[in-house]
$ cat model.cif   # mmCIF, C-alpha atoms
data_model
loop_
_atom_site.label_atom_id
_atom_site.label_comp_id
_atom_site.auth_asym_id
_atom_site.auth_seq_id
_atom_site.Cartn_x
_atom_site.Cartn_y
_atom_site.Cartn_z
CA MET A 1 0.00 0.00 0.00
CA THR A 2 1.22 3.49 -0.86
CA ASN A 3 1.08 6.42 1.52
CA PRO A 4 -1.30 8.92 -0.15
CA LEU A 5 0.08 12.09 1.42
CA LEU A 6 2.44 12.98 -1.47
CA SER A 7 0.53 11.08 -4.11
CA GLY A 8 0.93 12.75 -7.51
CA ILE A 9 4.32 14.31 -6.69
CA ARG A 10 6.98 13.11 -9.13
CA VAL A 11 10.64 13.39 -8.09
CA LEU A 12 13.59 12.91 -10.43
CA ASP A 13 16.49 11.89 -8.20
CA LEU A 14 20.04 12.17 -9.58
CA THR A 15 21.74 11.79 -6.19
CA ARG A 16 24.08 9.01 -5.07
CA LEU A 17 25.45 7.35 -1.94
CA LEU A 18 23.73 8.48 1.30
CA PRO A 19 22.42 12.05 1.85
CA GLY A 20 20.39 12.53 -1.34
CA PRO A 21 18.97 9.00 -1.48
CA PHE A 22 17.98 9.23 2.20
CA CYS A 23 16.19 12.51 1.48
CA THR A 24 14.21 10.98 -1.37
CA LEU A 25 13.57 7.79 0.64
CA TYR A 26 11.49 9.91 3.01
CA LEU A 27 9.65 11.47 0.05
CA ALA A 28 8.97 8.00 -1.36
CA GLN A 29 7.73 6.76 2.01
CA LEU A 30 5.35 9.72 2.09
CA GLY A 31 3.91 8.62 -1.24
CA ALA A 32 5.88 10.57 -3.85
CA GLU A 33 6.86 8.82 -7.07
CA VAL A 34 10.66 8.86 -6.97
CA ILE A 35 12.48 8.04 -10.20
CA LYS A 36 16.17 7.42 -9.63
CA ILE A 37 18.25 8.56 -12.61
CA GLU A 38 21.46 6.50 -12.79
CA GLU A 39 24.36 6.11 -15.18
CA PRO A 40 24.00 2.94 -17.28
CA GLN A 41 27.47 1.68 -16.33
CA GLY A 42 27.28 0.84 -12.64
CA GLY A 43 24.67 3.33 -11.47
CA ASP A 44 24.73 4.71 -7.94
CA TYR A 45 28.14 3.94 -6.40
CA ALA A 46 26.42 2.57 -3.30
CA ARG A 47 25.19 -0.41 -5.34
CA HIS A 48 28.77 -1.72 -5.23
CA LEU A 49 30.29 -0.03 -2.18
CA SER A 50 27.51 -1.18 0.17
CA PRO A 51 24.64 -3.10 -1.46
CA GLU A 52 22.73 -3.36 1.83
CA LEU A 53 22.96 0.40 2.39
CA PHE A 54 21.77 0.94 -1.17
CA SER A 55 18.83 -1.35 -0.56
CA LEU A 56 17.87 0.45 2.64
CA VAL A 57 17.85 4.02 1.30
CA ASN A 58 16.45 3.36 -2.19
CA ARG A 59 13.35 1.39 -1.33
CA GLY A 60 10.15 2.39 -3.05
CA LYS A 61 11.91 4.05 -5.97
CA GLN A 62 12.14 3.34 -9.70
CA SER A 63 15.43 3.18 -11.60
CA VAL A 64 15.97 4.75 -15.02
CA THR A 65 19.40 4.67 -16.65
CA LEU A 66 20.47 7.73 -18.62
CA ASP A 67 23.97 8.95 -19.46
CA LEU A 68 23.48 12.71 -19.36
CA ARG A 69 26.76 13.20 -21.20
CA ARG A 70 24.85 12.06 -24.31
CA ALA A 71 22.50 14.37 -26.15
CA GLU A 72 19.93 11.61 -26.61
CA ALA A 73 19.80 11.00 -22.85
CA VAL A 74 19.52 14.72 -22.10
CA GLY A 75 16.54 14.89 -24.44
CA ALA A 76 14.84 11.99 -22.67
CA PHE A 77 15.60 13.52 -19.28
CA LYS A 78 14.04 16.83 -20.31
CA THR A 79 10.94 14.95 -21.43
CA LEU A 80 10.71 13.57 -17.89
CA VAL A 81 11.27 17.04 -16.43
CA ALA A 82 8.23 18.37 -18.26
CA GLY A 83 6.02 16.18 -16.09
CA ALA A 84 8.00 16.32 -12.87
CA ASP A 85 7.49 18.30 -9.69
CA VAL A 86 11.00 18.01 -8.26
CA VAL A 87 14.54 17.47 -9.50
CA ILE A 88 17.19 16.78 -6.87
CA GLU A 89 20.91 16.46 -7.56
CA SER A 90 24.07 16.39 -5.48
CA PHE A 91 26.80 17.28 -7.97
CA ARG A 92 29.26 20.09 -7.35
CA PRO A 93 27.96 23.53 -8.36
CA GLY A 94 27.89 24.03 -12.13
CA VAL A 95 28.02 20.37 -13.19
CA MET A 96 24.36 20.23 -14.25
CA ASP A 97 24.73 23.51 -16.13
CA LYS A 98 27.58 22.00 -18.15
CA LEU A 99 25.31 19.08 -19.03
CA GLY A 100 22.62 21.47 -20.23
CA CYS A 101 20.36 20.41 -17.36
CA GLY A 102 20.80 23.21 -14.82
CA TYR A 103 17.92 25.03 -13.17
CA ASP A 104 17.71 27.83 -15.72
CA ALA A 105 17.44 25.34 -18.59
CA LEU A 106 14.91 23.10 -16.85
CA ARG A 107 12.58 25.83 -15.64
CA GLU A 108 12.16 26.93 -19.25
CA ILE A 109 10.61 23.50 -19.79
CA ASN A 110 8.67 23.42 -16.53
CA PRO A 111 8.16 26.78 -14.74
CA ARG A 112 6.68 25.12 -11.62
CA LEU A 113 9.69 22.83 -11.17
CA VAL A 114 11.32 22.66 -7.75
CA TYR A 115 15.05 22.12 -8.31
CA ALA A 116 17.00 21.03 -5.23
CA ALA A 117 20.80 21.01 -5.11
CA LEU A 118 22.08 19.13 -2.07
CA THR A 119 25.81 19.78 -1.72
CA GLY A 120 28.44 19.94 0.97
CA TYR A 121 28.88 23.71 1.11
CA GLY A 122 26.03 25.17 -0.94
CA GLN A 123 26.14 27.07 -4.19
CA SER A 124 28.18 30.07 -3.01
CA GLY A 125 31.11 30.99 -0.79
CA PRO A 126 34.81 30.07 -0.87
CA PHE A 127 34.17 26.38 -0.03
CA LYS A 128 31.50 25.72 -2.68
CA ASP A 129 33.74 23.65 -4.97
CA ARG A 130 35.43 21.62 -2.22
CA ALA A 131 34.92 17.90 -1.84
CA GLY A 132 33.78 16.73 1.58
CA HIS A 133 32.18 14.07 3.72
CA ASP A 134 30.14 14.04 6.92
CA MET A 135 33.20 14.40 9.17
CA ASN A 136 34.36 17.50 7.28
CA TYR A 137 31.01 19.25 7.59
CA CYS A 138 30.77 18.32 11.29
CA GLY A 139 34.29 19.63 11.78
CA TYR A 140 33.57 22.98 10.16
CA ALA A 141 30.23 23.30 11.98
CA GLY A 142 31.79 22.83 15.42
CA VAL A 143 29.95 19.55 16.05
CA LEU A 144 33.07 17.39 16.01
CA ASP A 145 34.85 19.63 18.51
CA GLN A 146 31.96 19.10 20.95
CA SER A 147 31.82 15.31 20.47
CA GLY A 148 33.69 12.98 22.82
CA THR A 149 34.64 12.67 26.46
CA ALA A 150 36.32 15.23 28.68
CA ASP A 151 40.07 15.53 28.08
CA GLY A 152 39.80 13.16 25.11
CA PRO A 153 40.08 13.80 21.37
CA PRO A 154 37.08 14.52 19.14
CA ALA A 155 35.05 11.33 18.70
CA LEU A 156 33.40 10.00 15.56
CA SER A 157 29.87 8.58 15.62
CA ASN A 158 28.23 6.00 13.40
CA PHE A 159 25.35 8.45 13.08
CA GLN A 160 26.07 10.79 10.17
CA VAL A 161 24.79 14.05 11.63
CA ALA A 162 25.69 16.19 8.61
CA ASP A 163 24.68 13.73 5.91
CA LEU A 164 21.35 12.73 7.41
CA ALA A 165 20.11 15.57 9.64
CA GLY A 166 21.98 18.61 8.33
CA GLY A 167 21.71 17.42 4.74
CA ALA A 168 18.97 14.92 3.87
CA LEU A 169 16.25 16.00 6.29
CA THR A 170 16.98 19.70 5.94
CA CYS A 171 16.76 19.36 2.17
CA ALA A 172 13.50 17.40 2.44
CA VAL A 173 11.95 20.25 4.44
CA GLY A 174 13.08 22.72 1.77
CA ILE A 175 11.67 20.58 -1.03
CA LEU A 176 8.29 20.16 0.65
CA ALA A 177 8.03 23.89 1.37
CA ALA A 178 8.93 24.73 -2.23
CA VAL A 179 6.41 22.22 -3.63
CA ILE A 180 3.65 23.77 -1.52
CA GLY A 181 4.72 27.20 -2.74
CA ALA A 182 4.76 26.06 -6.37
CA ARG A 183 1.28 24.61 -6.07
CA ALA A 184 -0.01 27.90 -4.69
CA SER A 185 1.80 30.24 -7.08
CA GLY A 186 2.56 28.14 -10.14
CA ALA A 187 6.22 29.14 -9.88
CA GLY A 188 8.93 26.73 -8.82
CA SER A 189 12.18 27.59 -7.09
CA PHE A 190 15.80 26.62 -6.62
CA VAL A 191 16.47 24.93 -3.27
CA ASP A 192 20.11 25.44 -2.26
CA ALA A 193 20.81 23.02 0.62
CA GLY A 194 24.37 22.85 1.97
CA MET A 195 25.21 20.16 4.51
CA LEU A 196 27.51 22.52 6.42
CA ASP A 197 24.66 25.04 6.53
CA GLY A 198 22.14 22.54 7.85
CA THR A 199 24.54 21.09 10.40
CA LEU A 200 25.50 24.50 11.74
CA ALA A 201 21.80 25.29 12.21
CA LEU A 202 21.52 22.25 14.50
CA GLN A 203 24.12 23.65 16.89
CA VAL A 204 21.54 25.34 19.10
CA MET A 205 23.01 24.19 22.43
CA ALA A 206 26.51 25.41 21.59
CA LEU A 207 25.10 28.70 20.32
CA ALA A 208 23.05 29.13 23.48
CA SER A 209 26.28 28.76 25.50
CA LEU A 210 28.05 31.28 23.28
CA ARG A 211 25.21 33.75 23.78
CA THR A 212 25.16 33.19 27.53
CA PHE A 213 28.83 32.83 28.45
CA GLY A 214 30.71 34.01 25.39
CA HIS A 215 32.19 30.53 24.82
CA ALA A 216 31.10 26.93 24.42
CA PRO A 217 31.90 24.42 27.19
CA PRO A 218 34.90 22.14 26.66
CA ARG A 219 34.30 18.77 25.05
CA GLY A 220 32.46 16.51 27.50
CA GLY A 221 31.84 19.44 29.82
CA ASP A 222 28.42 20.64 28.74
CA MET A 223 25.43 19.64 30.83
CA LEU A 224 24.18 17.42 27.98
CA THR A 225 27.54 15.86 27.06
CA GLY A 226 28.56 14.37 30.39
CA GLY A 227 29.49 17.45 32.39
CA LEU A 228 26.82 16.73 34.99
CA PRO A 229 27.07 13.52 37.06
CA ASN A 230 23.29 13.02 36.80
CA TYR A 231 23.40 13.26 32.99
CA SER A 232 26.07 10.80 31.97
CA VAL A 233 26.84 7.22 30.87
CA TYR A 234 27.90 4.67 33.45
CA GLU A 235 29.45 1.21 33.18
CA CYS A 236 27.66 -1.71 34.80
CA ALA A 237 28.87 -4.95 36.39
CA ASP A 238 28.81 -6.80 33.06
CA GLY A 239 30.79 -4.16 31.15
CA ARG A 240 27.69 -2.80 29.43
CA HIS A 241 26.28 0.65 30.12
CA VAL A 242 23.28 2.66 31.23
CA ALA A 243 22.37 6.20 30.26
CA MET A 244 21.45 8.40 33.21
CA ALA A 245 19.49 11.45 32.09
CA ALA A 246 17.98 12.50 35.42
CA LEU A 247 18.51 16.14 34.53
CA GLU A 248 15.65 17.66 36.51
CA PRO A 249 15.91 17.34 40.32
CA LYS A 250 12.60 15.46 40.54
CA PHE A 251 13.95 12.67 38.33
CA PHE A 252 17.15 12.42 40.32
CA GLN A 253 15.19 12.29 43.56
CA ASN A 254 13.06 9.48 42.11
CA PHE A 255 16.28 7.63 41.28
CA CYS A 256 17.65 8.05 44.79
CA ALA A 257 14.40 6.68 46.23
CA ALA A 258 14.38 3.73 43.81
CA VAL A 259 17.91 2.65 44.83
CA ASN A 260 17.35 3.48 48.50
CA ARG A 261 20.18 6.01 48.55
CA PRO A 262 18.75 9.25 49.97
CA ASP A 263 22.30 10.35 50.77
CA LEU A 264 22.99 10.86 47.06
CA ALA A 265 20.33 13.55 46.90
CA ARG A 266 22.38 15.63 49.33
CA LEU A 267 25.46 15.71 47.07
CA PRO A 268 25.87 18.64 44.63
CA LEU A 269 24.40 18.19 41.15
CA MET A 270 27.23 20.23 39.67
CA PRO A 271 29.77 19.89 36.84
CA GLY A 272 33.51 19.62 37.35
CA GLU A 273 35.15 19.15 40.73
CA ALA A 274 32.02 20.15 42.62
CA GLY A 275 30.15 17.18 41.16
CA ALA A 276 33.05 14.72 41.47
CA PRO A 277 31.84 13.13 44.75
CA LEU A 278 28.42 12.32 43.27
CA ARG A 279 29.97 11.00 40.05
CA LYS A 280 32.23 8.68 42.08
CA GLU A 281 29.31 7.35 44.09
CA LEU A 282 27.19 6.79 40.99
CA ALA A 283 30.01 5.01 39.17
CA ALA A 284 30.44 2.60 42.09
CA LEU A 285 26.70 2.08 42.43
CA PHE A 286 26.11 1.23 38.76
CA LYS A 287 29.00 -1.26 38.87
CA SER A 288 27.05 -3.25 41.46
CA ARG A 289 24.46 -4.62 38.99
CA THR A 290 24.33 -5.67 35.36
CA ARG A 291 22.82 -3.42 32.73
CA ASP A 292 19.68 -5.55 32.43
CA GLU A 293 19.24 -5.65 36.19
CA TRP A 294 19.31 -1.85 36.26
CA GLU A 295 16.82 -1.73 33.38
CA ALA A 296 14.46 -4.07 35.23
CA LEU A 297 14.76 -2.06 38.45
CA LEU A 298 14.51 1.46 37.06
CA SER A 299 12.52 1.34 33.83
CA HIS A 300 9.24 2.14 35.61
CA LYS A 301 10.57 4.48 38.30
CA ASP A 302 10.21 7.72 36.30
CA CYS A 303 13.87 8.60 36.73
CA CYS A 304 15.17 8.75 33.10
CA VAL A 305 17.71 5.92 33.44
CA SER A 306 17.81 3.49 30.53
CA ALA A 307 19.88 0.70 29.08
CA VAL A 308 22.38 1.46 26.31
CA TYR A 309 21.46 -1.04 23.60
CA SER A 310 23.44 -2.35 20.66
CA ALA A 311 22.06 -1.78 17.17
CA ARG A 312 20.64 -5.32 17.07
CA GLU A 313 19.08 -4.99 20.53
CA ALA A 314 17.51 -1.69 19.52
CA LEU A 315 15.58 -3.41 16.73
CA GLU A 316 14.22 -6.05 19.09
CA GLN A 317 13.11 -3.95 22.07
CA ALA A 318 9.46 -3.90 23.08
CA GLN A 319 8.84 -0.22 22.28
CA VAL A 320 10.20 -0.58 18.75
CA ARG A 321 8.05 -3.66 18.17
CA ALA A 322 4.96 -1.97 19.59
CA ARG A 323 5.43 1.03 17.30
CA GLU A 324 6.10 -1.24 14.31
CA LEU A 325 9.18 0.76 13.37
CA VAL A 326 10.89 -2.12 11.57
CA GLU A 327 9.61 -4.00 8.55
CA SER A 328 10.96 -6.79 6.38
CA ASP A 329 12.88 -5.98 3.21
CA SER A 330 13.42 -9.28 1.42
CA GLY A 331 13.69 -10.98 4.80
CA LYS A 332 16.06 -8.40 6.28
CA PRO A 333 15.19 -5.57 8.69
CA ALA A 334 14.45 -2.10 7.32
CA PHE A 335 13.08 1.05 8.91
CA ARG A 336 9.55 2.24 8.32
CA PHE A 337 8.85 5.95 8.00
CA PRO A 338 9.11 7.09 11.64
CA ILE A 339 6.04 9.35 11.74
CA ARG A 340 2.62 7.76 12.08
CA PHE A 341 -0.36 9.23 10.25
CA SER A 342 -4.00 8.34 10.78
CA ALA A 343 -5.30 6.11 7.98
CA SER A 344 -1.97 6.25 6.09
CA PRO A 345 0.08 3.07 5.58
CA ARG A 346 3.82 3.06 6.22
CA SER A 347 5.06 0.05 4.24
CA THR A 348 7.75 0.59 1.60
CA ALA A 349 8.46 -1.45 -1.52
CA GLY A 350 11.90 -2.88 -2.24
CA SER A 351 14.80 -1.18 -4.00
CA PRO A 352 15.07 -1.30 -7.81
CA THR A 353 17.59 -3.13 -9.93
CA LEU A 354 19.72 -0.88 -12.15
CA GLY A 355 17.59 0.46 -15.02
CA GLU A 356 14.65 -1.73 -14.07
CA HIS A 357 12.04 0.87 -15.04
CA THR A 358 13.83 2.69 -17.87
CA ASP A 359 11.62 1.77 -20.82
CA ALA A 360 8.33 1.85 -18.91
CA VAL A 361 8.95 5.27 -17.36
CA LEU A 362 10.31 6.88 -20.53
CA ARG A 363 7.56 5.42 -22.69
CA ALA A 364 4.89 6.69 -20.31
CA ALA A 365 6.51 10.15 -20.39
CA GLY A 366 6.22 10.29 -24.18
CA VAL A 367 9.67 9.25 -25.36
CA SER A 368 9.28 7.69 -28.81
CA GLU A 369 10.13 4.10 -29.69
CA ALA A 370 12.91 5.35 -31.97
CA GLU A 371 14.41 7.36 -29.10
CA LEU A 372 14.10 4.37 -26.78
CA ALA A 373 15.97 2.23 -29.32
CA ALA A 374 18.72 4.85 -29.59
CA LEU A 375 19.10 4.96 -25.82
CA ALA A 376 19.23 1.18 -25.61
CA ALA A 377 22.00 1.18 -28.21
CA LEU A 378 23.99 3.70 -26.13
CA ARG A 379 23.58 1.57 -23.00
CA ALA A 380 25.00 -1.41 -24.85
CA ILE A 381 28.22 0.42 -25.75
#
$ encode --input "model.cif" --output "C-alpha cells"
Amino acid sequence: MTNPLLSGIRVLDLTRLLPGPFCTLYLAQLGAEVIKIEEPQGGDYARHLSPELFSLVNRGKQSVTLDLRRAEAVGAFKTLVAGADVVIESFRPGVMDKLGCGYDALREINPRLVYAALTGYGQSGPFKDRAGHDMNYCGYAGVLDQSGTADGPPALSNFQVADLAGGALTCAVGILAAVIGARASGAGSFVDAGMLDGTLALQVMALASLRTFGHAPPRGGDMLTGGLPNYSVYECADGRHVAMAALEPKFFQNFCAAVNRPDLARLPLMPGEAGAPLRKELAALFKSRTRDEWEALLSHKDCCVSAVYSAREALEQAQVRARELVESDSGKPAFRFPIRFSASPRSTAGSPTLGEHTDAVLRAAGVSEAELAALAALRAI
C-alpha cells in the first residue's frame, strides 16, 4: 500500500550514496513517485560499495538509466522534467549547467519545477567547490569539537549528523516547502541546501552557551555531554552501560528513592570538581548490577535511566516492536517511515535493480520508440 500524502508528486532523483537517497527515501515513504536517474554503467556507487545500504535508502523508488553526457539521454531527461514536480541532484555547483540540465534550462521546460541542489557547502562561498564528507562538515560546523569525552580527542559517531540531519532531512523540508509554494503560485524555485549550513543550524546548544557565556563548554563538559554527574553514561557490572538522564531534580530524587540512597540527593548536582563526589558514588553504584538488572529495576521508576542497547538490541526492544518501526525488506530488517499518520500506511516497496524501469517510465513520459531504441544502443556500448 502506498502512503497517499504525497501522491501525484513526481521526483527525479540524480543523487548518489547516502544524503540525497535518504532525502528521497522519506519522500517515497510519504507517497511521492521517486524516479532514480542512474548512469548505465554501474549506477549509484552505493550499489557496489555497500549493497545493503543501497537497498535500505532506495526502497520504493524506480530506476531509469540515462547517461546525461549524451544528447539523446539529455533529451529523454528533459521529457521527464516536463512532467516532474522536483529534480534533486548532489553534484558540485555548475556540473548540471555544463550538461545542459541546470535550473535555468529546466525551468524553461517546466516553470513550476522545484530544483534542489544538495551539496556539501552550498552554491556560493569560498568552499563551494570543495569535496567533503560528513566528518568535514561536522568539523567545520563545530559539532566534532563538541563530540567525545572530557580531556579526550574529538570522537566519531556511526550516526552521520551532517549527511542525514543537516543534509537529507533539511533538504527534504526545503523541497516540501517549495512544492507547496509552487502549487499555490505556479512558480517553482531553486532549493540550495548545503550540509555545512544545515549542520551549523543544529548547533543550538553550543550557540546558546556562546550567547550566555561568550564561549562553548569544553568537550564533555556541557550539561548534555557528560558534564553533569546526573546526565552521563555509566558502566555496569557486566561491562555494558546505562544512560542516566535524570537532569531535573525530581527525576534524580526518584532515582535516589528507587535505589534506597537518599544520601545521594544531598550531594551537589554540579559539573567539574564540585560534582566529582556524586559522580564517584554513581560510578560505584552502577557497577554493582548488570545493565539488564538496572533496566528491570529502574525502567518504571520515572527517573530517566535506561539501558544502552546495541544496534541489534535496539531493533528487538518492546517499544520498537509496539510502534512497528521495523519491517521486512526481502527478509532483512528495514526502517519504516518514523512518523505515524492516521489512515496512512507506512510500508515501503523494495529497492530497484539498475535500469529496471527505464523503458516503462520513458515510454509513459512520451519518449518515442525510436528514441528508446537509440538509448538502448547507447547503453550497450
$ closest_residue --input "model.cif" --among "A:Ile175, A:Ala105, A:Ala168, A:Ala334" --to "Ala32 of chain A" --atoms "all atoms listed in the file"
A:Ile175
$ closest_residue --input "model.cif" --among "A:Pro51, A:Gly152, A:Gly20, A:Pro40" --to "Glu89 of chain A" --atoms "all atoms listed in the file"
A:Gly20
$ atom_distance --input "model.cif" --atom1 "atom CA of Thr149 of chain A" --atom2 "atom CA of Arg219 of chain A"
6.3 Å
$ closest_atom_pairs --input "model.cif" --of "segment 179-274 of chain A" --to "segment 112-134 of chain A" --cutoff "6 Å" --atoms "all atoms listed in the file" --output "tab-separated table"
residue	atom	partner	partner_atom	distance
A:Ala182	CA	A:Arg112	CA	5.7
A:Gly186	CA	A:Arg112	CA	5.3
A:Ala187	CA	A:Arg112	CA	4.4
A:Gly188	CA	A:Arg112	CA	3.9
A:Ser189	CA	A:Val114	CA	5.0
A:Phe190	CA	A:Tyr115	CA	4.9
A:Val191	CA	A:Ala116	CA	4.4
A:Asp192	CA	A:Ala117	CA	5.3
A:Ala193	CA	A:Leu118	CA	4.9
A:Gly194	CA	A:Gly122	CA	4.1
A:Met195	CA	A:Gly120	CA	4.8
A:Leu196	CA	A:Tyr121	CA	5.6
$ residues_around --input "model.cif" --residues "segment 242-259 of chain A" --least-positions-apart "5" --cutoff "9 Å" --atoms "all atoms listed in the file" --output "ChimeraX atom specification"
/A:223-224,228-236,264-265,269,286,291,294-295,297-298,301-309
$ resolve_selection --input "model.cif" --expression "the PyMOL selection byres ((chain A and resi 80) around 9)" --output "list in words"
Leu12, Gly75, Ala76, Phe77, Lys78, Thr79, Val81, Ala82, Gly83, Ala84, Val361, Leu362, Ala365, Gly366 and Val367 of chain A
$ resolve_selection --input "model.cif" --expression "the PyMOL selection byres ((chain A and resi 59-65) around 7)" --output "JSON list (two decimals) with C-alpha atoms, in the frame of the given file"
[["chain", "number", "residue", "atom", "x", "y", "z"],
["A", 25, "LEU", "CA", 13.57, 7.79, 0.64],
["A", 28, "ALA", "CA", 8.97, 8.00, -1.36],
["A", 34, "VAL", "CA", 10.66, 8.86, -6.97],
["A", 35, "ILE", "CA", 12.48, 8.04, -10.20],
["A", 36, "LYS", "CA", 16.17, 7.42, -9.63],
["A", 37, "ILE", "CA", 18.25, 8.56, -12.61],
["A", 38, "GLU", "CA", 21.46, 6.50, -12.79],
["A", 39, "GLU", "CA", 24.36, 6.11, -15.18],
["A", 40, "PRO", "CA", 24.00, 2.94, -17.28],
["A", 55, "SER", "CA", 18.83, -1.35, -0.56],
["A", 56, "LEU", "CA", 17.87, 0.45, 2.64],
["A", 57, "VAL", "CA", 17.85, 4.02, 1.30],
["A", 58, "ASN", "CA", 16.45, 3.36, -2.19],
["A", 66, "LEU", "CA", 20.47, 7.73, -18.62],
["A", 67, "ASP", "CA", 23.97, 8.95, -19.46],
["A", 348, "THR", "CA", 7.75, 0.59, 1.60],
["A", 349, "ALA", "CA", 8.46, -1.45, -1.52],
["A", 350, "GLY", "CA", 11.90, -2.88, -2.24],
["A", 351, "SER", "CA", 14.80, -1.18, -4.00],
["A", 352, "PRO", "CA", 15.07, -1.30, -7.81],
["A", 353, "THR", "CA", 17.59, -3.13, -9.93],
["A", 354, "LEU", "CA", 19.72, -0.88, -12.15],
["A", 355, "GLY", "CA", 17.59, 0.46, -15.02],
["A", 356, "GLU", "CA", 14.65, -1.73, -14.07],
["A", 357, "HIS", "CA", 12.04, 0.87, -15.04],
["A", 358, "THR", "CA", 13.83, 2.69, -17.87]]
$ closest_residue --input "model.cif" --among "A:Met96, A:Glu293, A:Pro218, A:Arg321" --to "Asp151 of chain A" --atoms "only C-alpha atoms"
A:Pro218
$ atom_distance --input "model.cif" --atom1 "atom CA of Ser50 of chain A" --atom2 "atom CA of Thr170 of chain A"
24.1 Å
$ closest_residue --input "model.cif" --among "A:Asp222, A:Glu108, A:Asp163, A:Asp292" --to "Ser147 of chain A" --atoms "only C-alpha atoms"
A:Asp222
$ atom_distance --input "model.cif" --atom1 "atom CA of Asp359 of chain A" --atom2 "atom CA of Gly102 of chain A"
24.1 Å
$ residues_around --input "model.cif" --residues "Pro4 of chain A" --least-positions-apart "3" --cutoff "8 Å" --atoms "only C-alpha atoms" --output "VMD selection string"
chain A and resid 7 30 to 31 344
$ residues_around --input "model.cif" --residues "segment 203-212 of chain A" --least-positions-apart "4" --cutoff "8 Å" --atoms "only C-alpha atoms" --output "PyMOL selection string"
chain A and resi 141-143+199+216-217
$ closest_residue --input "model.cif" --among "A:Leu18, A:Thr2, A:Ala237, A:Ala165" --to "Leu202 of chain A" --atoms "all atoms listed in the file"
A:Ala165
$ closest_residue --input "model.cif" --among "A:Ala360, A:Val161, A:Ala177, A:Ile381" --to "Leu200 of chain A" --atoms "all atoms listed in the file"
A:Val161
$ decode --input "model.cif" --residues "segment 344-362 of chain A" --atoms "N, CA and C atoms" --output "compact mmCIF listing (two decimals), in the first residue's frame"
# COMPACT_ATOMS: atom_id res chain seq x y z
N SER A 344 -2.99 6.27 7.14
CA SER A 344 -1.97 6.25 6.09
C SER A 344 -1.01 5.10 6.35
N PRO A 345 -0.84 4.19 5.38
CA PRO A 345 0.08 3.07 5.58
C PRO A 345 1.53 3.53 5.58
N ARG A 346 2.41 2.68 6.12
CA ARG A 346 3.82 3.06 6.22
C ARG A 346 4.74 2.02 5.59
N SER A 347 4.21 1.07 4.85
CA SER A 347 5.06 0.05 4.24
C SER A 347 5.75 0.61 3.00
N THR A 348 6.95 0.12 2.73
CA THR A 348 7.75 0.59 1.60
C THR A 348 8.14 -0.59 0.72
N ALA A 349 8.05 -0.40 -0.59
CA ALA A 349 8.46 -1.45 -1.52
C ALA A 349 9.97 -1.60 -1.50
N GLY A 350 10.47 -2.63 -2.19
CA GLY A 350 11.90 -2.88 -2.24
C GLY A 350 12.65 -1.92 -3.15
N SER A 351 13.97 -2.05 -3.16
CA SER A 351 14.80 -1.18 -4.00
C SER A 351 14.86 -1.73 -5.42
N PRO A 352 15.09 -0.86 -6.42
CA PRO A 352 15.07 -1.30 -7.81
C PRO A 352 16.41 -1.85 -8.28
N THR A 353 16.37 -2.74 -9.25
CA THR A 353 17.59 -3.13 -9.93
C THR A 353 17.97 -2.00 -10.90
N LEU A 354 19.23 -1.96 -11.30
CA LEU A 354 19.72 -0.88 -12.15
C LEU A 354 18.96 -0.86 -13.48
N GLY A 355 18.31 0.28 -13.75
CA GLY A 355 17.59 0.46 -15.02
C GLY A 355 16.31 -0.33 -15.14
N GLU A 356 15.82 -0.85 -14.03
CA GLU A 356 14.65 -1.73 -14.07
C GLU A 356 13.44 -1.08 -14.74
N HIS A 357 13.26 0.21 -14.57
CA HIS A 357 12.04 0.87 -15.04
C HIS A 357 12.28 1.81 -16.22
N THR A 358 13.46 1.71 -16.84
CA THR A 358 13.83 2.69 -17.87
C THR A 358 12.78 2.79 -18.98
N ASP A 359 12.52 1.70 -19.66
CA ASP A 359 11.62 1.77 -20.82
C ASP A 359 10.20 2.15 -20.41
N ALA A 360 9.71 1.58 -19.32
CA ALA A 360 8.33 1.85 -18.91
C ALA A 360 8.15 3.32 -18.55
N VAL A 361 9.07 3.88 -17.79
CA VAL A 361 8.95 5.27 -17.36
C VAL A 361 9.09 6.23 -18.55
N LEU A 362 10.09 5.99 -19.39
CA LEU A 362 10.31 6.88 -20.53
C LEU A 362 9.17 6.78 -21.54
